[in-house]
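Data file: run38.cif. Format and content: mmCIF, C-alpha atoms and all ligand atoms.
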data_upload
loop_
_atom_site.label_atom_id
_atom_site.label_comp_id
_atom_site.auth_asym_id
_atom_site.auth_seq_id
_atom_site.Cartn_x
_atom_site.Cartn_y
_atom_site.Cartn_z
CA MET A 8 -117.63 63.28 204.91
CA LYS A 9 -114.73 64.71 202.99
CA ARG A 10 -115.75 64.80 199.34
CA PHE A 11 -112.98 65.92 197.02
CA ARG A 12 -115.34 65.25 194.14
CA ARG A 13 -117.54 68.24 195.10
CA LEU A 14 -115.15 70.65 193.40
CA ARG A 15 -114.89 68.45 190.33
CA THR A 16 -118.62 68.48 189.60
CA ASN A 17 -118.49 70.60 186.45
CA GLY A 18 -116.17 72.56 184.18
CA GLN A 19 -116.81 75.92 185.87
CA LEU A 20 -115.93 74.58 189.30
CA ARG A 21 -112.86 72.83 188.01
CA GLN A 22 -111.74 76.07 186.33
CA LEU A 23 -112.34 77.98 189.55
CA VAL A 24 -110.05 75.81 191.64
CA ARG A 25 -107.42 75.13 188.98
CA GLU A 26 -103.93 75.65 190.44
CA THR A 27 -101.80 75.81 187.30
CA ARG A 28 -102.58 77.62 184.08
CA LEU A 29 -100.46 77.68 180.97
CA ASP A 30 -99.93 80.94 179.15
CA CYS A 31 -98.41 81.35 175.70
CA ARG A 32 -96.39 84.30 177.05
CA GLU A 33 -94.10 81.91 178.93
CA LEU A 34 -93.30 79.71 175.94
CA ILE A 35 -90.19 79.92 173.76
CA TYR A 36 -90.00 78.32 170.32
CA PRO A 37 -86.64 76.92 169.12
CA ILE A 38 -85.64 77.58 165.51
CA PHE A 39 -82.90 76.05 163.34
CA VAL A 40 -81.33 78.45 160.86
CA ALA A 41 -79.21 76.90 158.13
CA GLU A 42 -76.66 78.75 156.03
CA GLY A 43 -77.69 79.04 152.40
CA GLU A 44 -80.74 80.08 150.43
CA LYS A 45 -84.23 78.77 149.75
CA ILE A 46 -83.92 76.10 152.42
CA LYS A 47 -86.93 74.71 154.22
CA ALA A 48 -85.76 71.23 155.07
CA PRO A 49 -87.84 68.93 157.26
CA VAL A 50 -85.99 67.33 160.17
CA ASP A 51 -86.81 63.64 159.79
CA SER A 52 -86.46 62.83 163.46
CA MET A 53 -88.68 65.76 164.52
CA PRO A 54 -91.99 65.78 162.60
CA GLY A 55 -93.21 69.36 162.10
CA VAL A 56 -89.76 70.89 162.65
CA PHE A 57 -87.73 72.40 159.79
CA GLN A 58 -84.36 73.96 159.14
CA TYR A 59 -84.80 77.34 157.45
CA SER A 60 -82.40 79.58 155.65
CA THR A 61 -82.77 83.20 156.71
CA ASP A 62 -84.57 84.18 153.48
CA MET A 63 -87.22 81.54 154.25
CA LEU A 64 -87.91 82.55 157.86
CA GLU A 65 -90.71 85.00 157.20
CA GLU A 66 -93.58 82.51 157.21
CA ILE A 67 -92.69 80.89 160.51
CA LEU A 68 -91.77 84.17 162.19
CA THR A 69 -95.08 85.72 161.20
CA GLU A 70 -96.87 82.72 162.64
CA ILE A 71 -94.91 83.06 165.88
CA ALA A 72 -95.55 86.79 166.09
CA ARG A 73 -99.30 86.18 165.71
CA SER A 74 -99.36 83.31 168.19
CA GLY A 75 -98.59 85.38 171.28
CA ILE A 76 -95.32 83.51 171.90
CA PRO A 77 -92.84 86.22 172.93
CA GLY A 78 -89.61 84.75 171.66
CA ILE A 79 -87.46 82.23 169.91
CA LEU A 80 -84.28 80.31 170.67
CA ILE A 81 -81.96 80.27 167.67
CA PHE A 82 -79.59 77.49 166.64
CA GLY A 83 -77.35 78.32 163.70
CA ILE A 84 -76.11 75.65 161.31
CA PRO A 85 -73.04 76.91 159.44
CA LYS A 86 -71.65 75.47 156.22
CA HIS A 87 -68.09 75.75 157.43
CA LYS A 88 -66.99 73.82 160.52
CA ASP A 89 -63.46 73.72 161.90
CA GLU A 90 -61.52 72.87 165.06
CA GLN A 91 -61.78 76.43 166.41
CA ALA A 92 -65.49 76.87 165.61
CA SER A 93 -64.61 80.05 163.74
CA SER A 94 -68.09 80.46 162.20
CA ALA A 95 -69.48 80.75 165.73
CA TYR A 96 -67.90 84.16 166.30
CA ASP A 97 -67.75 85.39 162.71
CA ASP A 98 -69.69 88.67 162.65
CA ASN A 99 -71.11 87.58 159.30
CA GLY A 100 -71.81 84.01 160.40
CA VAL A 101 -75.15 82.36 159.73
CA THR A 102 -76.44 83.00 163.25
CA GLN A 103 -75.35 86.65 163.34
CA GLN A 104 -77.01 87.27 159.98
CA ALA A 105 -80.21 85.58 161.09
CA VAL A 106 -80.30 87.62 164.30
CA ARG A 107 -79.75 90.86 162.37
CA TYR A 108 -82.54 90.02 159.95
CA ILE A 109 -85.02 89.01 162.66
CA LYS A 110 -84.24 92.02 164.84
CA ALA A 111 -84.92 94.35 161.90
CA ALA A 112 -88.05 92.58 160.64
CA TYR A 113 -89.58 91.66 164.03
CA PRO A 114 -88.30 94.21 166.56
CA ASP A 115 -90.70 93.02 169.27
CA MET A 116 -89.65 89.38 169.15
CA LEU A 117 -87.29 88.28 171.91
CA ILE A 118 -84.25 86.70 170.33
CA ILE A 119 -82.48 84.18 172.53
CA VAL A 120 -79.33 82.63 171.08
CA ASP A 121 -77.92 79.27 172.05
CA VAL A 122 -74.23 79.80 172.69
CA CYS A 123 -72.26 76.60 172.19
CA LEU A 124 -69.56 75.49 169.80
CA CYS A 125 -70.86 72.03 168.84
CA GLU A 126 -72.74 73.14 165.72
CA TYR A 127 -69.59 74.94 164.56
CA THR A 128 -66.79 72.49 165.34
CA SER A 129 -65.64 69.82 162.88
CA HIS A 130 -65.51 67.27 165.73
CA GLY A 131 -68.97 68.19 167.07
CA HIS A 132 -67.90 68.74 170.67
CA CYS A 133 -69.01 71.76 172.67
CA GLY A 134 -65.45 72.88 173.44
CA VAL A 135 -61.91 73.06 172.11
CA VAL A 136 -60.38 69.59 171.70
CA ARG A 137 -56.75 68.64 172.18
CA ASN A 138 -55.43 65.06 172.29
CA GLY A 139 -58.97 63.76 172.51
CA LYS A 140 -59.77 65.94 175.55
CA ILE A 141 -62.41 68.65 175.69
CA LEU A 142 -60.64 71.64 177.24
CA ASN A 143 -62.47 73.93 179.61
CA ASP A 144 -60.46 77.13 179.99
CA GLU A 145 -59.39 77.26 176.33
CA THR A 146 -63.07 77.16 175.34
CA LEU A 147 -64.14 80.16 177.42
CA PRO A 148 -62.61 82.90 175.22
CA LEU A 149 -64.39 81.45 172.17
CA LEU A 150 -67.73 81.41 173.99
CA CYS A 151 -67.09 85.03 175.00
CA ARG A 152 -66.34 86.07 171.42
CA MET A 153 -69.45 84.28 170.20
CA SER A 154 -71.62 85.95 172.86
CA VAL A 155 -70.33 89.45 172.15
CA SER A 156 -70.69 88.96 168.41
CA LEU A 157 -74.31 87.81 168.82
CA ALA A 158 -75.16 90.60 171.25
CA GLN A 159 -73.75 93.01 168.72
CA ALA A 160 -75.94 91.46 166.00
CA GLY A 161 -78.97 92.19 168.20
CA ALA A 162 -79.57 89.13 170.38
CA ASP A 163 -81.70 89.94 173.42
CA ILE A 164 -80.62 87.04 175.65
CA ILE A 165 -77.42 84.97 175.60
CA ALA A 166 -77.99 81.31 176.48
CA PRO A 167 -74.78 79.32 176.99
CA SER A 168 -75.39 75.57 176.71
CA ASP A 169 -71.87 74.14 176.65
CA MET A 170 -71.52 73.20 180.36
CA MET A 171 -67.92 74.46 180.66
CA ASP A 172 -67.09 75.64 184.18
CA GLY A 173 -66.82 79.37 184.70
CA ARG A 174 -68.48 80.34 181.43
CA VAL A 175 -71.21 82.48 182.95
CA SER A 176 -68.78 84.81 184.71
CA ALA A 177 -66.50 84.89 181.67
CA ILE A 178 -69.38 85.74 179.32
CA ARG A 179 -70.81 88.29 181.78
CA ALA A 180 -67.44 90.06 181.96
CA ALA A 181 -67.04 90.02 178.16
CA LEU A 182 -70.54 91.40 177.59
CA ASP A 183 -70.02 94.13 180.18
CA LYS A 184 -66.64 95.10 178.82
CA ASN A 185 -68.14 95.55 175.37
CA GLY A 186 -71.05 97.66 176.56
CA TYR A 187 -73.73 94.93 176.71
CA THR A 188 -74.36 95.40 180.39
CA ASP A 189 -78.11 95.05 179.85
CA THR A 190 -78.02 91.78 177.92
CA PRO A 191 -79.22 88.99 180.22
CA ILE A 192 -77.70 85.52 180.43
CA MET A 193 -80.00 82.52 180.52
CA SER A 194 -77.69 79.72 181.54
CA TYR A 195 -78.26 76.06 180.77
CA SER A 196 -77.16 75.45 184.36
CA ALA A 197 -78.24 71.89 184.94
CA LYS A 198 -77.85 70.24 181.57
CA PHE A 199 -77.70 66.49 181.73
CA ALA A 200 -75.90 64.10 179.37
CA SER A 201 -79.14 62.78 177.99
CA GLY A 202 -80.34 60.33 175.37
CA TYR A 203 -83.22 62.74 174.79
CA TYR A 204 -81.03 65.00 172.61
CA SER A 205 -80.60 62.54 169.72
CA PRO A 206 -83.24 64.02 167.39
CA PHE A 207 -81.75 67.49 167.96
CA ARG A 208 -78.31 66.35 166.88
CA ASP A 209 -79.84 65.40 163.51
CA ALA A 210 -81.56 68.76 163.32
CA ALA A 211 -78.48 70.79 164.26
CA GLN A 212 -75.91 68.46 162.72
CA SER A 213 -73.96 68.60 165.97
CA CYS A 214 -73.35 64.97 166.86
CA PRO A 215 -69.90 64.43 168.43
CA GLN A 216 -67.64 62.62 165.97
CA PHE A 217 -65.89 60.70 168.76
CA GLY A 218 -66.78 59.84 172.34
CA ASN A 219 -69.70 61.53 174.09
CA ARG A 220 -70.49 64.61 176.19
CA LYS A 221 -70.24 62.94 179.60
CA THR A 222 -67.11 64.84 180.69
CA TYR A 223 -68.96 68.13 180.55
CA GLN A 224 -72.71 67.50 180.69
CA MET A 225 -74.09 66.18 183.98
CA ASP A 226 -74.59 62.59 185.03
CA CYS A 227 -78.33 61.96 184.91
CA SER A 228 -78.19 60.33 188.36
CA ASN A 229 -77.18 63.52 190.19
CA GLY A 230 -79.86 65.76 191.65
CA ARG A 231 -77.84 67.48 194.38
CA GLU A 232 -75.04 68.28 191.98
CA ALA A 233 -77.60 69.97 189.71
CA LEU A 234 -78.46 72.33 192.55
CA ARG A 235 -74.78 73.13 193.07
CA GLU A 236 -74.42 73.88 189.35
CA ILE A 237 -77.42 76.19 189.51
CA ALA A 238 -76.19 77.93 192.67
CA ASP A 239 -72.81 78.48 191.05
CA ASP A 240 -74.31 79.96 187.87
CA ILE A 241 -76.34 82.34 190.02
CA ASP A 242 -73.15 83.38 191.82
CA GLU A 243 -71.46 83.90 188.47
CA GLY A 244 -74.23 86.26 187.39
CA ALA A 245 -76.85 84.24 185.51
CA ASP A 246 -80.17 86.09 185.22
CA ILE A 247 -82.22 83.00 184.35
CA VAL A 248 -81.24 79.40 185.05
CA MET A 249 -82.33 76.36 183.10
CA VAL A 250 -82.95 72.70 183.72
CA LYS A 251 -82.64 70.43 180.71
CA PRO A 252 -84.25 68.07 179.73
CA ALA A 253 -87.53 68.86 181.43
CA LEU A 254 -89.86 65.90 181.85
CA ALA A 255 -87.45 63.34 183.26
CA TYR A 256 -85.95 66.03 185.53
CA LEU A 257 -88.98 67.66 187.11
CA ASP A 258 -87.59 66.85 190.56
CA ILE A 259 -84.71 69.21 189.77
CA VAL A 260 -87.11 71.92 188.58
CA ARG A 261 -89.06 71.55 191.81
CA SER A 262 -86.01 71.65 194.09
CA ALA A 263 -84.59 74.60 192.20
CA ARG A 264 -87.92 76.42 192.52
CA GLU A 265 -87.89 75.89 196.29
CA ARG A 266 -84.31 76.97 196.72
CA PHE A 267 -83.82 79.87 194.28
CA ASP A 268 -85.83 82.98 193.55
CA LEU A 269 -84.78 83.89 190.06
CA PRO A 270 -86.64 82.80 186.92
CA ILE A 271 -86.30 79.13 186.05
CA ALA A 272 -86.54 77.83 182.50
CA ALA A 273 -87.11 74.21 181.56
CA TYR A 274 -86.21 72.83 178.13
CA ASN A 275 -88.69 70.30 176.81
CA VAL A 276 -86.10 68.77 174.48
CA SER A 277 -86.19 67.11 171.08
CA GLY A 278 -86.51 63.51 172.28
CA GLU A 279 -89.41 64.45 174.54
CA TYR A 280 -91.07 66.12 171.56
CA SER A 281 -90.42 63.36 169.04
CA MET A 282 -91.70 60.58 171.32
CA VAL A 283 -95.02 62.40 171.61
CA LYS A 284 -95.16 63.05 167.86
CA ALA A 285 -94.36 59.42 167.01
CA ALA A 286 -96.93 57.97 169.38
CA ALA A 287 -99.52 60.46 168.10
CA GLN A 288 -98.78 59.50 164.50
CA MET A 289 -99.35 55.88 165.44
CA GLY A 290 -102.70 56.87 166.89
CA TRP A 291 -101.67 55.62 170.34
CA ILE A 292 -102.15 58.89 172.19
CA ASP A 293 -104.13 62.10 171.83
CA GLU A 294 -101.42 64.62 170.90
CA LYS A 295 -103.15 67.74 172.18
CA ARG A 296 -104.01 66.16 175.50
CA ILE A 297 -100.53 64.79 176.05
CA VAL A 298 -98.78 68.02 175.08
CA MET A 299 -100.96 70.13 177.37
CA GLU A 300 -100.51 67.62 180.19
CA ASN A 301 -96.72 67.61 179.74
CA LEU A 302 -96.42 71.39 179.61
CA THR A 303 -98.71 71.78 182.60
CA ALA A 304 -96.57 69.30 184.53
CA ILE A 305 -93.43 71.31 183.74
CA LYS A 306 -95.10 74.47 184.97
CA ARG A 307 -96.57 72.78 188.05
CA ALA A 308 -93.06 71.59 188.97
CA GLY A 309 -92.04 75.24 189.11
CA ALA A 310 -90.80 76.39 185.71
CA ASP A 311 -91.47 80.01 184.75
CA ILE A 312 -90.35 79.63 181.15
CA ILE A 313 -90.83 76.58 178.93
CA ILE A 314 -88.74 76.11 175.81
CA THR A 315 -90.59 73.69 173.58
CA TYR A 316 -91.00 72.59 169.96
CA HIS A 317 -94.71 72.24 170.79
CA ALA A 318 -94.97 76.00 171.46
CA LEU A 319 -96.86 76.92 168.29
CA ASP A 320 -99.36 74.07 168.66
CA ALA A 321 -99.77 74.80 172.36
CA ALA A 322 -100.39 78.50 171.70
CA LYS A 323 -103.06 77.56 169.18
CA TRP A 324 -104.72 75.12 171.59
CA LEU A 325 -104.61 77.68 174.41
CA LYS A 326 -106.41 80.18 172.18
CA GLU A 327 -109.08 77.63 171.30
CA SER A 328 -109.74 76.92 174.95
CA GLU A 329 -110.29 80.65 175.59
CA GLU A 330 -113.04 80.77 173.01
C1 LIG B 401 -75.97 72.28 172.17
C2 LIG B 401 -77.38 71.96 172.50
C3 LIG B 401 -78.02 70.72 172.50
C4 LIG B 401 -79.35 70.98 172.80
C5 LIG B 401 -79.48 72.34 172.98
N1 LIG B 401 -78.24 72.93 172.81
C6 LIG B 401 -77.55 69.37 172.17
C7 LIG B 401 -76.50 68.70 172.93
O1 LIG B 401 -76.05 69.14 173.99
O2 LIG B 401 -76.07 67.68 172.40
C8 LIG B 401 -80.44 69.95 172.89
C9 LIG B 401 -81.79 70.42 172.49
C10 LIG B 401 -82.78 69.36 172.22
O3 LIG B 401 -82.54 68.15 172.31
O4 LIG B 401 -83.91 69.75 171.90
N2 LIG B 401 -75.05 71.96 173.14
ZN ZN B 402 -72.93 72.01 172.41
#
Would you give me this structure, written as structure tokens?
Ligand code: PBG
Ligand code: ZN
Amino acid sequence: MKRFRRLRTNGQLRQLVRETRLDCRELIYPIFVAEGEKIKAPVDSMPGVFQYSTDMLEEILTEIARSGIPGILIFGIPKHKDEQASSAYDDNGVTQQAVRYIKAAYPDMLIIVDVCLCEYTSHGHCGVVRNGKILNDETLPLLCRMSVSLAQAGADIIAPSDMMDGRVSAIRAALDKNGYTDTPIMSYSAKFASGYYSPFRDAAQSCPQFGNRKTYQMDCSNGREALREIADDIDEGADIVMVKPALAYLDIVRSARERFDLPIAAYNVSGEYSMVKAAAQMGWIDEKRIVMENLTAIKRAGADIIITYHALDAAKWLKESEE
């Protein structure tokens, strides 16, 4: 008789035949850097997540460096916002300063920067707005300036998240022209217009002041279109492609894994994080178990890189299980 249970008899056997293993070296931890001083402000909608000013980053960065997590994804929160997102490409902007500080203090840490205008625009949209429309081609030069400025500050990977068409090739050309031929682009290729971003918009103060993001982010119903977006970003020169959010879109991660051979990142976004935290605080779920199950599912679907607010906890739990 076929007995699947034979290989489940004890822990050693289960370990032996385990198909998917998490590793802290494939996790990326997102960080919010606010302009100002002496800021460590809890994000109400994301328990355990804080905004830090650059002078307050040391504690968390040291923890990350010790955890075995190789890198961070930085979101800057400027004081000054305007229609042209000028703080986004100011060489002395909050994000540039944070990158310069981290690069100097933690030279081995991979610094990925989220490139998008929404944290820097007064209207909160990811592109230039005219007559209530979010303009594509007018946005590209600003994204290019932002990317070059951040590469110059020391960013290791440029991660455009705006969902404008043609931005990967525009940014690639701008980086190359300015001598950053070796700076990779991790493109948020299949980024869906998702309700799962709400806690993030509190954290990054980037909520659109009118309308929504549905004219640029993808319709959550469209799986085939996601693959076309990914294929196009690869054509345009992306080095890593991303699917976002992760858990409700694991079918996309899987299809992308089967179709494309370059590294795939999945972003376990704020709403996915906060739902777990809230249920855990209520005592309804076992946080560690759920987090490890979720991250394993993302990896099993085919992700090589997982961006997650759970990264520090997960790294700690992975260490414990080694002991
Ligand atoms: C900026 C950006 C967003 C996220 C990452 N980059 C928000 C958005 O598109 O509204 C979401 C991250 C998260 O929810 O954790 N465009
Ligand atoms: Zn944006």
Option closest in space to ligand LIG 401 (chain B), from A:Lys284, A:Lys184, A:Lys86, A:Arg208 [counting all atoms listed in the file]:
A:Arg208
Surrounding residues of Ala321 (chain A) excluding itself and chain neighbours under 4 positions, 8 Å, all atoms listed in the file, as a PyMOL selection string
chain A and resi 31+295+298-299+317+325
Which residues are near ligand LIG 401 (chain B) - at most 8 Å, using only C-alpha atoms and all ligand atoms? Format: as number ranges by chain.
A: 82, 121-126, 133, 168-169, 198, 200, 203-208, 213-214, 220, 224, 252, 274-278, 315-316
So that I have them on file, write out the residues from the current selection with C-alpha atoms, as a tab-separated table (two decimals), in the coordinates of the input.
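Below you can see part.tsv, which holds the result:
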chain	number	residue	atom	x	y	z
A	82	PHE	CA	-79.59	77.49	166.64
A	121	ASP	CA	-77.92	79.27	172.05
A	122	VAL	CA	-74.23	79.80	172.69
A	123	CYS	CA	-72.26	76.60	172.19
A	124	LEU	CA	-69.56	75.49	169.80
A	125	CYS	CA	-70.86	72.03	168.84
A	126	GLU	CA	-72.74	73.14	165.72
A	133	CYS	CA	-69.01	71.76	172.67
A	168	SER	CA	-75.39	75.57	176.71
A	169	ASP	CA	-71.87	74.14	176.65
A	198	LYS	CA	-77.85	70.24	181.57
A	200	ALA	CA	-75.90	64.10	179.37
A	203	TYR	CA	-83.22	62.74	174.79
A	204	TYR	CA	-81.03	65.00	172.61
A	205	SER	CA	-80.60	62.54	169.72
A	206	PRO	CA	-83.24	64.02	167.39
A	207	PHE	CA	-81.75	67.49	167.96
A	208	ARG	CA	-78.31	66.35	166.88
A	213	SER	CA	-73.96	68.60	165.97
A	214	CYS	CA	-73.35	64.97	166.86
A	220	ARG	CA	-70.49	64.61	176.19
A	224	GLN	CA	-72.71	67.50	180.69
A	252	PRO	CA	-84.25	68.07	179.73
A	274	TYR	CA	-86.21	72.83	178.13
A	275	ASN	CA	-88.69	70.30	176.81
A	276	VAL	CA	-86.10	68.77	174.48
A	277	SER	CA	-86.19	67.11	171.08
A	278	GLY	CA	-86.51	63.51	172.28
A	315	THR	CA	-90.59	73.69	173.58
A	316	TYR	CA	-91.00	72.59	169.96
Between CA of Ala310 (chain A) and CA of Asp183 (chain A), what is the distance, to one decimal in Å?
27.9 Å
For each of A:Ala211, A:Ala72, A:Val250, A:Ala92, take the minimum atom-to-atom distance to Asp51 (chain A), counting only C-alpha atoms, then give the residue where this is smallest.
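Under the stated criterion, the closest residue is A:Ala211.
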Near Pro270 (chain A), counting all atoms listed in the file, which residues have an atom at most 9 Å away, once you skip same-chain residues fewer than 2 positions from it, shown as a compact mmCIF listing (two decimals) with C-alpha atoms, in the frame of the given file?
# COMPACT_ATOMS: atom_id res chain seq x y z
CA ASP A 246 -80.17 86.09 185.22
CA ILE A 247 -82.22 83.00 184.35
CA VAL A 248 -81.24 79.40 185.05
CA MET A 249 -82.33 76.36 183.10
CA ARG A 264 -87.92 76.42 192.52
CA PHE A 267 -83.82 79.87 194.28
CA ASP A 268 -85.83 82.98 193.55
CA ALA A 272 -86.54 77.83 182.50
CA ALA A 310 -90.80 76.39 185.71
CA ASP A 311 -91.47 80.01 184.75
CA ILE A 312 -90.35 79.63 181.15
Taken to one decimal, the CA of Leu142 (chain A)-CA of Gly230 (chain A) distance is 24.7 Å
Restricting the calculation to only C-alpha atoms and all ligand atoms: of A:Arg15, A:His132, A:Arg10, A:Lys110, which residue gets closest to ligand ZN 402 (chain B)?
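Closest to ligand ZN 402 (chain B), using only C-alpha atoms and all ligand atoms: A:His132.
Taking CA of Cys151 (chain A) and CA of Ala166 (chain A) as the two end points, the separation is 11.6 Å.
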For a cut-off of 7 Å around (-61.6, 75.1, 168.7), file coordinates, pick out all residues using all atoms listed in the file and list them as a count of residues only.
7
Pick from A:Asp320, A:Leu147, A:Ile164, A:Lys221: nearest to Met193 (chain A), with all atoms listed in the file counted?
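Distance minimum relative to Met193 (chain A) lands on A:Ile164.
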Quick one: of A:Phe199, A:Ile35, A:Gly131, A:Gly186, who's nearest to ligand ZN 402 (chain B), counting all atoms listed in the file?
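Going through A:Phe199, A:Ile35, A:Gly131, A:Gly186 one by one, the smallest distance to ligand ZN 402 (chain B) is for A:Gly131.
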Given all atoms listed in the file as the counted atoms, nearest of A:Ser201, A:Lys9, A:Leu14, A:Met116 to Ser74 (chain A):
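Checking each of A:Ser201, A:Lys9, A:Leu14, A:Met116 against Ser74 (chain A), counting all atoms listed in the file, the winner is A:Met116.
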As a CSV table (one decimal), in the frame of the given file, could you write out region 279-299 of chain A once it has been completed with N, CA and C atoms?
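Below is the file result.csv, written as the result:
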chain,number,residue,atom,x,y,z
A,279,GLU,N,-88.1,64.4,173.9
A,279,GLU,CA,-89.4,64.4,174.5
A,279,GLU,C,-90.5,64.8,173.5
A,280,TYR,N,-90.1,65.7,172.6
A,280,TYR,CA,-91.1,66.1,171.6
A,280,TYR,C,-91.3,65.0,170.6
A,281,SER,N,-90.3,64.4,170.1
A,281,SER,CA,-90.4,63.4,169.0
A,281,SER,C,-91.1,62.1,169.5
A,282,MET,N,-91.0,61.8,170.8
A,282,MET,CA,-91.7,60.6,171.3
A,282,MET,C,-93.2,60.8,171.3
A,283,VAL,N,-93.6,62.1,171.6
A,283,VAL,CA,-95.0,62.4,171.6
A,283,VAL,C,-95.5,62.4,170.2
A,284,LYS,N,-94.7,63.0,169.3
A,284,LYS,CA,-95.2,63.0,167.9
A,284,LYS,C,-95.3,61.6,167.3
A,285,ALA,N,-94.3,60.8,167.6
A,285,ALA,CA,-94.4,59.4,167.0
A,285,ALA,C,-95.6,58.6,167.5
A,286,ALA,N,-95.8,58.7,168.8
A,286,ALA,CA,-96.9,58.0,169.4
A,286,ALA,C,-98.2,58.5,168.8
A,287,ALA,N,-98.3,59.8,168.6
A,287,ALA,CA,-99.5,60.5,168.1
A,287,ALA,C,-99.7,60.0,166.7
A,288,GLN,N,-98.7,59.9,165.9
A,288,GLN,CA,-98.8,59.5,164.5
A,288,GLN,C,-99.3,58.1,164.4
A,289,MET,N,-98.9,57.3,165.4
A,289,MET,CA,-99.4,55.9,165.4
A,289,MET,C,-100.8,55.8,165.9
A,290,GLY,N,-101.3,56.9,166.4
A,290,GLY,CA,-102.7,56.9,166.9
A,290,GLY,C,-102.8,56.3,168.3
A,291,TRP,N,-101.7,56.2,169.0
A,291,TRP,CA,-101.7,55.6,170.3
A,291,TRP,C,-102.0,56.6,171.4
A,292,ILE,N,-101.8,57.9,171.2
A,292,ILE,CA,-102.2,58.9,172.2
A,292,ILE,C,-102.9,60.1,171.5
A,293,ASP,N,-103.5,60.9,172.3
A,293,ASP,CA,-104.1,62.1,171.8
A,293,ASP,C,-103.1,63.2,172.0
A,294,GLU,N,-102.6,63.7,170.9
A,294,GLU,CA,-101.4,64.6,170.9
A,294,GLU,C,-101.7,65.9,171.7
A,295,LYS,N,-102.8,66.5,171.5
A,295,LYS,CA,-103.2,67.7,172.2
A,295,LYS,C,-103.2,67.5,173.7
A,296,ARG,N,-103.9,66.5,174.1
A,296,ARG,CA,-104.0,66.2,175.5
A,296,ARG,C,-102.7,65.9,176.2
A,297,ILE,N,-101.8,65.1,175.5
A,297,ILE,CA,-100.5,64.8,176.0
A,297,ILE,C,-99.6,66.0,176.1
A,298,VAL,N,-99.6,66.8,175.1
A,298,VAL,CA,-98.8,68.0,175.1
A,298,VAL,C,-99.2,69.0,176.2
A,299,MET,N,-100.5,69.2,176.3
A,299,MET,CA,-101.0,70.1,177.4
A,299,MET,C,-100.7,69.6,178.8
